[in-house]
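J.: Okay, here's the structure, questions in a sec.
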Amino acid sequence: MATMFSASLRPTRTRILLIALTVVVLLGYGLLNTQRARGAGGSGTENGIPAGRSSQAQSAPLSATGSCKPALLDYVEITTDGQSTSSGTFVDLPGTSLTFTQGGTAASCVEVDFTAMTFAAGGALLDVQPVLDGATLGVPSATQLSGDDDENANGRWSRSHAFDFIFPSVAPGSHTMKMQFESVVGGTVFINRNAMLVRHHK
């Protein structure tokens, strides 16, 4: 009789454990998003991007698919070392502002390739993002480029990193692109020699 009673309780216990596990996961996810938004100087999220991360930039779509053929290349190369920030919100990366003309008769994509020698000491994290016309973010938007760079003997060696961004729909005409960077969790982060390449419609 005791065996039958125990067997009848198993499904109930399993359901309770699954419900409890689901609640724990959802609470943990919510706390993580809240903490990241607070660290960025804002509260809540919009389209998965913590609010307050940039005073200018608008939220970008979470993903983009498609095809286009950007035929022209404009670029800016920076040979300066030691550009740094400890700001918890995005600030402009000096020297990276670039004006270009999107050709064609309809909106088309723009690709931004960014490469840099970077250094983020200890537990610091370095995020970067390109911003179009001071207001529009690409896909993806904020991207971690470097973090926890203290595995070497003197703790001051930068490493080369790169990332590609897409702006899916940019209207014909004159536009300005610039890079921004931030220190996500505190500490000073560095960007040394870097390059921003903007590929756009002819």
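Identifiers for the structure tokens are assigned positionally: chains receive A, B, ... in sequence, residues are indexed from 1 per chain, and ligands are indexed from 1 in the order shown.
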List the neighbours of Leu132 (chain A) out to 9 Å using only C-alpha atoms; skip same-chain residues closer than 5 positions along the sequence, and give me the result as a PyMOL selection string.
T.: chain A and resi 57+137-138+167+175-178
J.: When you count only C-alpha atoms, which of these residues is closest to Pro70 (chain A): A:Ser158, A:Thr118, A:Gln102, A:Gln83?
T.: A:Gln102
J.: Using DSSP assignments from the backbone, pull out every residue in region 146-194 of chain A that falls under strand (DSSP E) and give it to me as a ChimeraX atom specification.
T.: /A:146-147,159-170,173-183,189-194
J.: When you draw a straight line from CA of Val185 (chain A) to CA of His161 (chain A), how long is it in Å?
T.: 19.5 Å
J.: Write out as a CSV table (one decimal) with C-alpha atoms, in the first residue's frame the residues lying within 9 Å of Val128 (chain A), counting only C-alpha atoms and excluding same-chain residues fewer than 5 positions away.
T.:
```csv
chain,number,residue,atom,x,y,z
A,90,PHE,CA,29.5,55.0,-24.3
A,141,SER,CA,25.0,47.0,-31.4
A,142,ALA,CA,27.2,47.0,-28.2
A,143,THR,CA,29.8,44.3,-28.6
A,144,GLN,CA,32.5,43.1,-26.2
A,145,LEU,CA,35.9,43.5,-27.9
A,179,MET,CA,33.0,54.4,-33.1
A,180,GLN,CA,32.2,54.6,-29.4
A,181,PHE,CA,33.7,52.6,-26.5
A,182,GLU,CA,32.9,52.1,-22.8
```
J.: Would you compute the distance between CA of Ala116 (chain A) and CA of Ser183 (chain A)? Give it in Å to one decimal.
T.: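 CA of Ala116 (chain A) sits 15.5 Å away from CA of Ser183 (chain A).
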J.: Excluding same-chain residues fewer than 2 positions from Ser86 (chain A), what lies within 8 Å of it counting only C-alpha atoms, as a ChimeraX atom specification?
T.: /A:84,88,182-183,186-189
J.: Between CA of Ser87 (chain A) and CA of Asp133 (chain A), what is the distance, to one decimal in Å?
T.: 21.6 Å
J.: May I have the residues within 9 Å of Ala64 (chain A) as a list in words, using only C-alpha atoms and disregarding those fewer than 6 positions away in the same chain?
T.: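 Everything that qualifies: Val139, Pro140, Ile166, Phe167 and Pro168 of chain A.
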J.: Generate a file of the selected residues that holds C-alpha atoms, formatted as a tab-separated table (two decimals), in the first residue's frame.
T.:
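Dumped everything to selection-v7.tsv:
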```
chain	number	residue	atom	x	y	z
A	139	VAL	CA	23.56	44.89	-35.87
A	140	PRO	CA	24.80	43.82	-33.46
A	166	ILE	CA	25.77	45.76	-40.46
A	167	PHE	CA	23.38	48.68	-40.90
A	168	PRO	CA	20.64	46.95	-42.94
```
J.: Residues at most 6 Å from Val198 (chain A), counting only C-alpha atoms, excluding those fewer than 6 positions away in the same chain, as an mmCIF file with C-alpha atoms, in the first residue's frame?
T.:
```cif
data_model
loop_
_atom_site.group_PDB
_atom_site.id
_atom_site.type_symbol
_atom_site.label_atom_id
_atom_site.label_comp_id
_atom_site.auth_asym_id
_atom_site.auth_seq_id
_atom_site.Cartn_x
_atom_site.Cartn_y
_atom_site.Cartn_z
ATOM 1 C CA LEU A 73 35.135 51.688 -49.175
ATOM 2 C CA ASP A 74 35.887 54.672 -46.948
ATOM 3 C CA TYR A 75 38.210 54.213 -43.999
ATOM 4 C CA GLU A 111 29.001 47.427 -43.422
ATOM 5 C CA VAL A 112 31.408 48.604 -40.722
#
```
